[in-house]
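Below is protein.txt, which holds compact mmCIF, C-alpha atoms.
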```txt
# COMPACT_ATOMS: atom_id res chain seq x y z
CA MET A 26 -57.40 37.98 -65.44
CA TRP A 27 -60.54 37.02 -67.23
CA PHE A 28 -61.53 34.04 -65.10
CA SER A 29 -61.89 35.59 -61.70
CA SER A 30 -65.37 36.89 -62.29
CA VAL A 31 -66.73 33.60 -63.57
CA MET A 32 -64.93 31.03 -61.44
CA GLN A 33 -67.72 30.24 -59.02
CA ASP A 34 -67.14 26.57 -58.94
CA ASP A 35 -67.56 25.78 -55.27
CA PRO A 36 -70.82 26.43 -53.47
CA VAL A 37 -70.89 29.75 -51.72
CA PRO A 38 -72.35 29.54 -48.19
CA GLY A 39 -75.84 30.96 -48.20
CA ASP A 40 -75.88 31.14 -51.96
CA THR A 41 -79.44 30.15 -52.71
CA VAL A 42 -79.07 30.63 -56.43
CA ARG A 43 -76.50 27.85 -56.51
CA LYS A 44 -78.87 25.52 -54.69
CA GLU A 45 -81.33 25.77 -57.57
CA LYS A 46 -78.64 24.25 -59.80
CA PRO A 47 -79.72 26.11 -62.90
CA MET A 48 -76.90 24.56 -64.96
CA GLN A 49 -77.30 20.97 -63.86
CA TYR A 50 -79.40 19.71 -66.73
CA PRO A 51 -78.45 21.78 -69.73
CA SER A 52 -80.29 20.74 -72.85
CA THR A 53 -77.06 20.60 -74.82
CA ILE A 54 -73.55 19.47 -74.03
CA CYS A 55 -70.58 20.77 -75.98
CA GLY A 56 -73.15 22.33 -78.30
CA LYS A 57 -74.82 18.99 -79.08
CA THR A 58 -78.07 17.38 -78.03
CA TYR A 59 -77.60 14.35 -75.76
CA GLU A 60 -78.41 12.07 -78.67
CA GLU A 61 -75.79 13.69 -80.92
CA PHE A 62 -73.35 13.66 -78.02
CA TYR A 63 -73.72 9.91 -77.37
CA ASN A 64 -73.73 9.10 -81.08
CA ALA A 65 -70.49 10.99 -81.60
CA ILE A 66 -68.86 9.10 -78.74
CA GLU A 67 -70.07 5.72 -79.94
CA ARG A 68 -68.95 6.32 -83.51
CA PHE A 69 -65.47 7.52 -82.61
CA HIS A 70 -64.61 5.66 -79.43
CA GLY A 71 -66.47 2.44 -80.22
CA TRP A 72 -68.87 2.54 -77.24
CA LYS A 73 -70.40 4.91 -74.72
CA ALA A 74 -67.47 4.69 -72.34
CA PRO A 75 -68.24 6.43 -69.02
CA GLY A 76 -64.83 8.09 -69.08
CA VAL A 77 -65.54 9.76 -72.42
CA VAL A 78 -69.02 10.84 -71.28
CA ILE A 79 -67.60 12.42 -68.11
CA GLY A 80 -64.91 13.92 -70.34
CA GLY A 81 -67.63 15.58 -72.41
CA PHE A 82 -69.00 17.28 -69.30
CA MET A 83 -65.47 18.34 -68.38
CA VAL A 84 -64.83 19.89 -71.80
CA ASP A 85 -68.21 21.60 -71.62
CA LEU A 86 -67.37 23.11 -68.22
CA ALA A 87 -63.89 24.19 -69.31
CA GLN A 88 -65.26 25.82 -72.46
CA SER A 89 -67.83 27.75 -70.43
CA HIS A 90 -64.97 29.46 -68.60
CA LEU A 91 -63.00 30.40 -71.71
CA PRO A 92 -63.70 33.68 -73.45
CA PRO A 93 -65.59 33.15 -76.71
CA ASP A 94 -63.43 32.76 -79.82
CA VAL A 95 -60.27 32.01 -77.87
CA GLU A 96 -57.96 29.53 -79.61
CA ALA A 97 -57.54 26.93 -76.91
CA ASP A 98 -55.02 24.12 -76.76
CA ALA A 99 -55.52 21.12 -74.48
CA ILE A 100 -53.48 19.10 -72.03
CA VAL A 101 -54.96 15.82 -70.83
CA GLU A 102 -53.57 14.05 -67.75
CA THR A 103 -54.44 10.46 -68.64
CA VAL A 104 -54.25 8.28 -71.74
CA HIS A 105 -57.53 6.59 -70.81
CA CYS A 106 -60.76 7.79 -72.45
CA LEU A 107 -60.36 11.50 -71.76
CA PRO A 108 -58.25 12.26 -74.86
CA ASP A 109 -61.18 11.15 -77.01
CA ALA A 110 -63.57 13.61 -75.35
CA VAL A 111 -61.14 16.41 -76.14
CA GLN A 112 -60.67 15.22 -79.73
CA LEU A 113 -64.42 14.94 -80.26
CA PHE A 114 -65.59 18.17 -78.65
CA THR A 115 -62.77 20.63 -79.28
CA PRO A 116 -60.70 21.37 -82.41
CA CYS A 117 -57.69 19.78 -80.64
CA THR A 118 -56.49 16.37 -81.81
CA TYR A 119 -53.44 14.27 -81.07
CA GLY A 120 -52.24 14.53 -84.68
CA ASN A 121 -52.67 18.28 -85.10
CA GLY A 122 -50.62 18.86 -81.99
CA TRP A 123 -53.16 21.04 -80.18
CA MET A 124 -53.79 18.29 -77.62
CA LYS A 125 -50.93 16.97 -75.53
CA VAL A 126 -51.39 13.89 -73.37
CA ILE A 127 -49.34 13.19 -70.27
CA ASP A 128 -49.55 9.72 -68.79
CA TRP A 129 -50.27 10.60 -65.15
CA ASP A 130 -53.49 8.62 -64.82
CA LYS A 131 -55.27 11.62 -63.31
CA PHE A 132 -58.75 12.34 -64.60
CA ALA A 133 -58.14 15.99 -65.40
CA LEU A 134 -57.69 18.25 -68.38
CA THR A 135 -56.72 21.83 -69.07
CA LEU A 136 -57.94 24.03 -71.90
CA TYR A 137 -55.87 27.17 -72.27
CA ASP A 138 -55.44 30.14 -74.53
CA LYS A 139 -52.47 29.26 -76.71
CA LYS A 140 -51.37 32.90 -76.80
CA THR A 141 -51.56 33.88 -73.11
CA LEU A 142 -51.14 30.32 -71.71
CA GLU A 143 -53.92 31.10 -69.26
CA GLY A 144 -56.72 28.63 -68.99
CA VAL A 145 -58.83 26.40 -66.84
CA ARG A 146 -58.11 22.99 -65.37
CA VAL A 147 -61.10 20.72 -64.76
CA TRP A 148 -61.02 17.48 -62.82
CA LEU A 149 -63.35 14.77 -61.60
CA ASP A 150 -63.61 15.80 -57.96
CA ILE A 151 -63.62 12.57 -56.04
CA GLU A 152 -65.00 14.19 -52.87
CA LYS A 153 -67.93 15.69 -54.76
CA SER A 154 -68.50 12.37 -56.53
CA ARG A 155 -69.27 10.67 -53.19
CA ARG A 156 -72.77 12.09 -53.58
CA PHE A 157 -73.09 9.81 -56.62
CA PRO A 158 -71.97 6.41 -55.29
CA ASP A 159 -72.04 4.69 -58.71
CA ILE A 160 -69.57 7.20 -60.08
CA TYR A 161 -67.40 7.09 -56.97
CA ASN A 162 -67.30 3.30 -56.87
CA TRP A 163 -66.66 3.04 -60.60
CA TYR A 164 -63.81 5.55 -60.58
CA MET A 165 -62.18 4.18 -57.44
CA ARG A 166 -62.64 0.66 -58.83
CA LEU A 167 -64.57 -0.40 -55.75
CA ALA A 168 -67.36 -2.07 -57.73
CA PRO A 169 -66.44 -5.40 -59.34
CA LYS A 170 -66.62 -5.17 -63.13
CA GLY A 171 -70.02 -6.24 -64.39
CA ASP A 172 -71.80 -5.34 -61.14
CA LEU A 173 -72.74 -1.91 -62.40
CA PRO A 174 -74.77 -1.85 -65.62
CA LEU A 175 -73.56 0.77 -68.09
CA ASP A 176 -76.99 2.38 -68.40
CA LEU A 177 -77.20 2.94 -64.67
CA LEU A 178 -73.74 4.48 -64.53
CA LEU A 179 -74.50 6.77 -67.47
CA LYS A 180 -77.71 7.87 -65.76
CA SER A 181 -75.74 8.77 -62.64
CA ILE A 182 -73.25 10.71 -64.75
CA GLU A 183 -76.05 12.68 -66.42
CA GLU A 184 -77.60 13.41 -63.06
CA ALA A 185 -74.29 14.53 -61.60
CA GLY A 186 -73.35 16.72 -64.54
CA ARG A 187 -71.07 19.48 -63.34
CA ASP A 188 -71.71 18.62 -59.69
CA MET A 189 -69.03 15.90 -59.83
CA LEU A 190 -66.44 18.31 -61.25
CA SER A 191 -64.18 21.06 -59.98
CA CYS A 192 -62.22 23.64 -61.90
CA ALA A 193 -59.59 26.26 -61.31
CA PRO A 194 -57.82 28.90 -63.36
CA VAL A 195 -54.22 27.97 -64.19
CA ARG A 196 -51.26 29.24 -66.15
CA VAL A 197 -49.58 26.56 -68.27
CA VAL A 198 -45.82 26.51 -67.78
CA ARG A 199 -44.81 23.29 -69.59
CA TYR A 200 -45.88 21.13 -72.53
CA HIS A 201 -47.27 24.09 -74.43
CA GLY A 202 -46.24 25.05 -77.91
CA LYS A 203 -45.33 23.06 -80.98
CA LEU A 204 -43.18 19.98 -80.82
CA ARG A 205 -40.24 20.94 -82.99
CA LYS A 206 -39.06 18.49 -85.57
CA GLY A 207 -35.31 18.02 -85.54
CA GLU A 208 -32.89 17.58 -88.42
CA ILE A 209 -33.80 14.56 -90.53
CA GLY A 210 -31.47 12.20 -92.29
CA VAL A 211 -31.74 8.80 -93.90
CA CYS A 212 -30.87 5.81 -91.73
CA ALA A 213 -27.84 4.04 -93.20
CA GLN A 214 -29.27 0.66 -92.23
CA CYS A 215 -32.97 0.69 -93.17
CA GLY A 216 -32.95 3.63 -95.57
CA GLU A 217 -35.86 5.37 -93.83
CA PRO A 218 -35.83 9.05 -92.80
CA TYR A 219 -35.36 9.57 -89.06
CA PRO A 220 -34.29 12.39 -86.70
CA THR A 221 -30.48 12.37 -86.71
CA LEU A 222 -30.57 13.39 -83.07
CA GLN A 223 -31.37 9.71 -82.32
CA GLY A 224 -27.85 8.65 -83.33
CA ASP A 225 -26.19 7.30 -86.44
CA ARG A 226 -29.03 4.87 -87.07
CA CYS A 227 -32.75 5.04 -86.35
CA LEU A 228 -34.10 3.68 -83.07
CA ALA A 229 -35.56 0.59 -84.77
CA CYS A 230 -32.15 -0.27 -86.23
CA GLN A 231 -30.61 0.32 -82.78
CA GLY A 232 -32.69 -2.61 -81.58
CA LYS A 233 -35.39 -0.58 -79.87
CA GLY A 234 -38.11 -1.48 -82.36
CA TYR A 235 -41.52 -2.90 -81.53
CA TYR A 236 -41.63 -5.35 -84.41
CA GLU A 237 -39.83 -8.32 -85.90
CA MET A 238 -39.66 -8.84 -89.61
CA PHE A 239 -40.63 -12.15 -91.12
CA THR A 240 -37.58 -13.57 -92.82
CA MET B 71 -48.73 -16.84 -92.50
CA TRP B 72 -51.56 -15.07 -94.21
CA PHE B 73 -49.64 -12.21 -95.77
CA SER B 74 -47.13 -14.03 -97.90
CA SER B 75 -49.48 -14.52 -100.82
CA VAL B 76 -50.56 -10.91 -100.98
CA MET B 77 -47.38 -9.03 -100.12
CA GLN B 78 -46.42 -7.98 -103.61
CA ASP B 79 -45.40 -4.53 -102.71
CA ASP B 80 -42.25 -4.11 -104.77
CA PRO B 81 -42.36 -4.28 -108.53
CA VAL B 82 -41.54 -7.73 -109.83
CA PRO B 83 -39.15 -7.64 -112.78
CA GLY B 84 -41.05 -8.32 -115.95
CA ASP B 85 -44.36 -8.03 -114.18
CA THR B 86 -46.44 -6.26 -116.77
CA VAL B 87 -49.57 -6.35 -114.64
CA ARG B 88 -47.87 -4.15 -112.07
CA LYS B 89 -46.90 -1.66 -114.74
CA GLU B 90 -50.55 -1.08 -115.55
CA LYS B 91 -50.96 0.12 -111.95
CA PRO B 92 -54.49 -1.16 -111.58
CA MET B 93 -54.68 0.06 -107.97
CA GLN B 94 -53.17 3.48 -108.43
CA TYR B 95 -56.37 5.45 -108.74
CA PRO B 96 -58.94 3.58 -106.71
CA SER B 97 -62.31 5.32 -106.66
CA THR B 98 -62.48 5.04 -102.88
CA ILE B 99 -59.95 5.36 -100.09
CA CYS B 100 -60.56 3.74 -96.72
CA GLY B 101 -64.05 2.99 -98.01
CA LYS B 102 -64.83 6.65 -98.70
CA THR B 103 -65.09 8.75 -101.83
CA TYR B 104 -62.33 11.33 -102.16
CA GLU B 105 -64.79 14.04 -101.18
CA GLU B 106 -65.84 12.21 -98.02
CA PHE B 107 -62.19 11.44 -97.29
CA TYR B 108 -61.08 15.07 -97.50
CA ASN B 109 -64.14 16.30 -95.60
CA ALA B 110 -63.47 13.89 -92.77
CA ILE B 111 -59.86 15.08 -92.53
CA GLU B 112 -60.79 18.74 -92.59
CA ARG B 113 -63.49 18.35 -89.96
CA PHE B 114 -61.35 16.39 -87.51
CA HIS B 115 -57.84 17.67 -88.10
CA GLY B 116 -58.75 21.25 -88.97
CA TRP B 117 -57.29 21.31 -92.47
CA LYS B 118 -56.27 18.99 -95.30
CA ALA B 119 -52.82 18.35 -93.90
CA PRO B 120 -50.63 16.45 -96.39
CA GLY B 121 -49.44 14.14 -93.60
CA VAL B 122 -52.99 13.04 -92.80
CA VAL B 123 -53.80 12.55 -96.48
CA ILE B 124 -50.72 10.37 -96.99
CA GLY B 125 -51.70 8.63 -93.76
CA GLY B 126 -55.07 7.79 -95.30
CA PHE B 127 -53.33 6.07 -98.19
CA MET B 128 -51.13 4.22 -95.70
CA VAL B 129 -54.11 2.97 -93.67
CA ASP B 130 -55.84 1.95 -96.91
CA LEU B 131 -52.80 -0.06 -98.00
CA ALA B 132 -52.36 -1.68 -94.57
CA GLN B 133 -56.04 -2.63 -94.43
CA SER B 134 -55.84 -4.23 -97.87
CA HIS B 135 -53.29 -6.67 -96.48
CA LEU B 136 -55.26 -7.62 -93.38
CA PRO B 137 -57.76 -10.46 -93.55
CA PRO B 138 -61.32 -9.18 -93.52
CA ASP B 139 -62.95 -8.89 -90.09
CA VAL B 140 -59.67 -9.02 -88.22
CA GLU B 141 -59.62 -6.87 -85.07
CA ALA B 142 -56.58 -4.72 -85.72
CA ASP B 143 -54.75 -2.50 -83.27
CA ALA B 144 -52.41 0.25 -84.46
CA ILE B 145 -48.95 1.53 -83.63
CA VAL B 146 -47.95 4.88 -85.11
CA GLU B 147 -44.31 5.97 -85.18
CA THR B 148 -44.76 9.73 -85.07
CA VAL B 149 -46.94 12.18 -83.15
CA HIS B 150 -47.30 14.37 -86.24
CA CYS B 151 -50.44 14.03 -88.39
CA LEU B 152 -50.39 10.25 -88.82
CA PRO B 153 -52.26 9.46 -85.56
CA ASP B 154 -55.25 11.36 -86.94
CA ALA B 155 -55.38 9.24 -90.12
CA VAL B 156 -55.50 6.13 -87.95
CA GLN B 157 -58.16 7.61 -85.67
CA LEU B 158 -60.29 8.68 -88.63
CA PHE B 159 -60.07 5.59 -90.80
CA THR B 160 -59.81 2.70 -88.34
CA PRO B 161 -61.71 1.95 -85.12
CA CYS B 162 -58.50 2.69 -83.18
CA THR B 163 -58.27 5.92 -81.17
CA TYR B 164 -55.84 7.29 -78.63
CA GLY B 165 -58.46 7.22 -75.89
CA ASN B 166 -59.75 3.69 -76.48
CA GLY B 167 -56.22 2.34 -76.30
CA TRP B 168 -56.24 0.53 -79.62
CA MET B 169 -53.79 3.03 -81.10
CA LYS B 170 -50.39 3.50 -79.47
CA VAL B 171 -48.14 6.34 -80.56
CA ILE B 172 -44.37 6.27 -80.20
CA ASP B 173 -42.50 9.50 -80.69
CA TRP B 174 -39.85 8.37 -83.17
CA ASP B 175 -40.66 10.90 -85.87
CA LYS B 176 -40.76 8.15 -88.52
CA PHE B 177 -43.60 8.29 -91.00
CA ALA B 178 -44.73 4.72 -90.51
CA LEU B 179 -47.55 2.76 -88.95
CA THR B 180 -48.41 -0.83 -88.19
CA LEU B 181 -51.85 -2.40 -88.15
CA TYR B 182 -51.83 -5.83 -86.55
CA ASP B 183 -54.19 -8.55 -85.43
CA LYS B 184 -54.54 -8.02 -81.70
CA LYS B 185 -54.81 -11.79 -81.14
CA THR B 186 -51.91 -13.12 -83.20
CA LEU B 187 -49.81 -9.88 -83.08
CA GLU B 188 -49.12 -10.39 -86.79
CA GLY B 189 -49.67 -7.44 -89.02
CA VAL B 190 -48.34 -5.13 -91.66
CA ARG B 191 -46.07 -2.12 -91.33
CA VAL B 192 -46.47 0.62 -93.95
CA TRP B 193 -44.12 3.54 -94.45
CA LEU B 194 -43.59 6.49 -96.71
CA ASP B 195 -40.75 5.12 -98.83
CA ILE B 196 -38.45 8.06 -99.38
CA GLU B 197 -36.66 6.38 -102.31
CA LYS B 198 -39.93 5.73 -104.11
CA SER B 199 -41.08 9.27 -103.35
CA ARG B 200 -38.21 10.68 -105.43
CA ARG B 201 -40.44 10.05 -108.45
CA PHE B 202 -42.74 12.68 -106.96
CA PRO B 203 -40.42 15.62 -106.24
CA ASP B 204 -43.09 17.70 -104.46
CA ILE B 205 -43.63 14.93 -101.93
CA TYR B 206 -39.92 14.23 -101.56
CA ASN B 207 -39.05 17.90 -101.05
CA TRP B 208 -41.93 18.45 -98.66
CA TYR B 209 -41.12 15.45 -96.50
CA MET B 210 -37.36 16.08 -96.44
CA ARG B 211 -38.07 19.77 -95.74
CA LEU B 212 -36.09 20.83 -98.79
CA ALA B 213 -38.74 23.25 -100.03
CA PRO B 214 -39.10 26.48 -98.05
CA LYS B 215 -42.51 26.71 -96.40
CA GLY B 216 -44.93 28.59 -98.62
CA ASP B 217 -43.12 27.69 -101.84
CA LEU B 218 -45.32 24.69 -102.45
CA PRO B 219 -49.07 25.41 -102.68
CA LEU B 220 -51.14 22.89 -100.76
CA ASP B 221 -53.30 22.03 -103.77
CA LEU B 222 -50.27 21.11 -105.83
CA LEU B 223 -48.87 18.90 -103.08
CA LEU B 224 -52.21 17.16 -102.58
CA LYS B 225 -52.42 16.53 -106.33
CA SER B 226 -48.98 14.92 -106.24
CA ILE B 227 -50.05 12.77 -103.29
CA GLU B 228 -53.17 11.60 -105.13
CA GLU B 229 -51.09 10.81 -108.21
CA ALA B 230 -48.55 8.91 -106.19
CA GLY B 231 -51.09 6.91 -104.20
CA ARG B 232 -49.55 3.64 -103.13
CA ASP B 233 -46.52 4.20 -105.36
CA MET B 234 -44.87 6.32 -102.66
CA LEU B 235 -45.38 3.62 -100.00
CA SER B 236 -43.80 0.35 -98.98
CA CYS B 237 -45.08 -2.31 -96.64
CA ALA B 238 -43.88 -5.47 -94.97
CA PRO B 239 -45.36 -8.14 -92.75
CA VAL B 240 -44.25 -7.86 -89.13
CA ARG B 241 -44.84 -9.45 -85.76
CA VAL B 242 -45.38 -6.95 -82.96
CA VAL B 243 -43.23 -7.69 -79.93
CA ARG B 244 -43.69 -4.53 -77.79
CA TYR B 245 -46.31 -1.89 -77.06
CA HIS B 246 -49.18 -4.28 -77.67
CA GLY B 247 -51.93 -5.02 -75.19
CA LYS B 248 -53.76 -2.91 -72.70
CA LEU B 249 -52.06 -0.35 -70.54
CA ARG B 250 -52.80 -1.60 -67.04
CA LYS B 251 -54.00 0.86 -64.48
CA GLY B 252 -52.17 0.58 -61.18
CA GLU B 253 -53.49 0.88 -57.64
CA ILE B 254 -55.12 4.25 -57.05
CA GLY B 255 -55.12 6.31 -53.90
CA VAL B 256 -55.94 9.86 -52.96
CA CYS B 257 -53.08 12.36 -52.92
CA ALA B 258 -52.61 13.68 -49.38
CA GLN B 259 -51.75 17.13 -50.70
CA CYS B 260 -54.27 17.91 -53.46
CA GLY B 261 -56.92 15.33 -52.63
CA GLU B 262 -57.09 14.02 -56.18
CA PRO B 263 -56.92 10.31 -57.07
CA TYR B 264 -53.56 9.26 -58.54
CA PRO B 265 -51.58 6.01 -59.07
CA THR B 266 -49.86 5.28 -55.75
CA LEU B 267 -46.95 3.88 -57.73
CA GLN B 268 -45.92 7.52 -58.34
CA GLY B 269 -44.99 7.99 -54.69
CA ASP B 270 -46.65 9.35 -51.59
CA ARG B 271 -48.02 12.36 -53.48
CA CYS B 272 -49.11 12.81 -57.07
CA LEU B 273 -46.62 14.03 -59.66
CA ALA B 274 -48.16 17.52 -59.76
CA CYS B 275 -47.68 17.86 -55.98
CA GLN B 276 -44.13 16.58 -56.40
CA GLY B 277 -43.44 19.70 -58.44
CA LYS B 278 -43.59 18.03 -61.85
CA GLY B 279 -46.80 19.75 -62.91
CA TYR B 280 -47.36 21.70 -66.10
CA TYR B 281 -49.42 24.45 -64.49
CA GLU B 282 -49.29 27.16 -61.87
CA MET B 283 -52.34 28.07 -59.87
CA PHE B 284 -53.44 31.67 -59.58
CA THR B 285 -53.21 32.64 -55.94
```
Entire entry expressed as structure tokens:
Amino acid sequence: MWFSSVMQDDPVPGDTVRKEKPMQYPSTICGKTYEEFYNAIERFHGWKAPGVVIGGFMVDLAQSHLPPDVEADAIVETVHCLPDAVQLFTPCTYGNGWMKVIDWDKFALTLYDKKTLEGVRVWLDIEKSRRFPDIYNWYMRLAPKGDLPLDLLLKSIEEAGRDMLSCAPVRVVRYHGKLRKGEIGVCAQCGEPYPTLQGDRCLACQGKGYYEMFT
Amino acid sequence: MWFSSVMQDDPVPGDTVRKEKPMQYPSTICGKTYEEFYNAIERFHGWKAPGVVIGGFMVDLAQSHLPPDVEADAIVETVHCLPDAVQLFTPCTYGNGWMKVIDWDKFALTLYDKKTLEGVRVWLDIEKSRRFPDIYNWYMRLAPKGDLPLDLLLKSIEEAGRDMLSCAPVRVVRYHGKLRKGEIGVCAQCGEPYPTLQGDRCLACQGKGYYEMFT
């Protein structure tokens, strides 16, 4: 198992090398300078959302534990912010199917080798984040909105870097692989192609649609 | 209702202006040259997937029916390819919550004014696509994979442009608005924050996880 030698996530008692925090302020993140990193986030996500910035550090940490050149798929455990960090800083997107999102509202992600299904799960470690009260209060929603200026929070996130995160090797046992497309037919009511598995009409024509037509 | 004057999607009998197809070969798509458009797709999605290219034409058509400067949210009716066209060519992403994806496997999307909930739904019109057999056969999965070179299919898609699409004004009645985050607590088993609504432990600790730890 290729992780065991590199998974040194938690401080080792008496480990003085760790105390020097050699990795805390890397000059690049996900292979980008900080300026490129923030610009990419702002352009894609619309603003420098703290969740996407933390997500960038998470992707960076996960990638550092994967063997070089591995083809990694992603699973993200929240719909909020984190999927954009994965889409920006890995080849995985929602539409190419390499990133799956499960709506658990946990701030965690897994990158894993799509062949062996072995990979690394990274999460915002709420215990570790207590050392950075702005991050802790923001994530636990203890600070009223507006009380914490964005710049201050981003500074705390930069300072924390990997020290707010934990990671562990995992084997993915669900949600991996391609979503198969079923048999398609043409809906007898609206005339649009749909998976016949949904019934004799498409879901919209079964009354489950999200829209009303103007008549 | 602001669409009615511009929704001239279907050919009007005797409408000679339509027959000249003045919009069929616009020099830009989603405000980009074709080169920029294809580069953006390749960089984000990994390759020039026909579904994302068609999606670009769909976004372009939808945007042409929205009033300028409207803040539009998106709903996409398939997880395949189309979400990436929306994420590339609108401000909506999965992670910023302005794009929702429903797994219906229908090749359709809606852009709508997030204030009035009025918008336009665009879909790949399978009847219209019969005029472009490569597109029809590809979408209906009638051509064995590998039989249709990508370049040929992309050429057909460019030729078809808006002529393979239909659109209609709609009012969105579900899936709009922000996904609310519930109360969060700390899972007694794994120590990670999770929505307490899920029970007294997080879903992973309830055995619904997608990963196994290495022990």
Enter the distance from CA of Arg211 (chain B) to CA of Val123 (chain B), in Å, rounded to one decimal.
17.3 Å
Counting all atoms listed in the file, select every polymer residue within 9 Å of (-42.2, -3.4, -76.7) as defined in the file's coordinates, and provide the selection as an NGL selection string.
(:A and (233-236)) or (:B and (242-246))
The residue from B:Tyr108, B:Phe127, B:Phe177, B:Trp208 with the smallest atom-to-atom distance to chain A, counting all atoms listed in the file, is B:Phe177
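Picture a line from CA of Ala133 (chain A) to CA of Thr163 (chain B); it runs 18.7 Å.
Across the model, the gap from CA of Lys170 (chain B) to CA of Ile54 (chain A) is 28.7 Å.
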Please determine, counting all atoms listed in the file, which residue among A:Arg146, A:Lys153, A:Lys180, A:His90 has the shortest atom-to-atom distance to Gly261 (chain B).
A:Lys153
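Compared by their closest atoms to Asp233 (chain B), and using all atoms listed in the file, the residues B:Thr266, B:Asp143, B:Met128, B:Leu187 rank with B:Met128 nearest.
For the choices B:Ile172, B:Leu158, B:Cys237, B:Ile205, the atom-to-atom distance to Ser134 (chain B) is smallest for B:Cys237 when using all atoms listed in the file.
Neighbours of region 208-211 of chain A closer than or equal to 8 Å, with all atoms listed in the file counted and sequence neighbours fewer than 2 positions away skipped, come out as Lys206, Ala213, Gly216, Glu217, Pro218, Tyr219, Pro220, Thr221 and Leu222 of chain A; Met210 of chain B.
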Quick one: residues within 6 Å of (-49.0, 18.1, -98.9) (file frame), counting all atoms listed in the file, please, as a ChimeraX atom specification.
/B:120,220,223-224
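Nearest to Gly167 (chain B) of all the residues A:Lys170, A:Arg187, A:Arg205, A:His105 is A:His105, counting only C-alpha atoms.
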Using all atoms listed in the file, determine which residues lie at most 12 Å from Glu96 (chain A), disregarding the query and same-chain residues fewer than 4 positions distant; provide the list as a ChimeraX atom specification.
/A:88,91-92,115-117,123,136-144
Using all atoms listed in the file, which residue out of A:Glu184, A:Asp159, A:Asp176, A:Glu102 lies closest to chain B?
A:Glu102
Which residues, written as a PyMOL selection string, have at least one atom at most 10 Å from Thr53 (chain A), with all atoms listed in the file counted and residues fewer than 6 positions away on the same chain left out?
chain A and resi 59-62+85
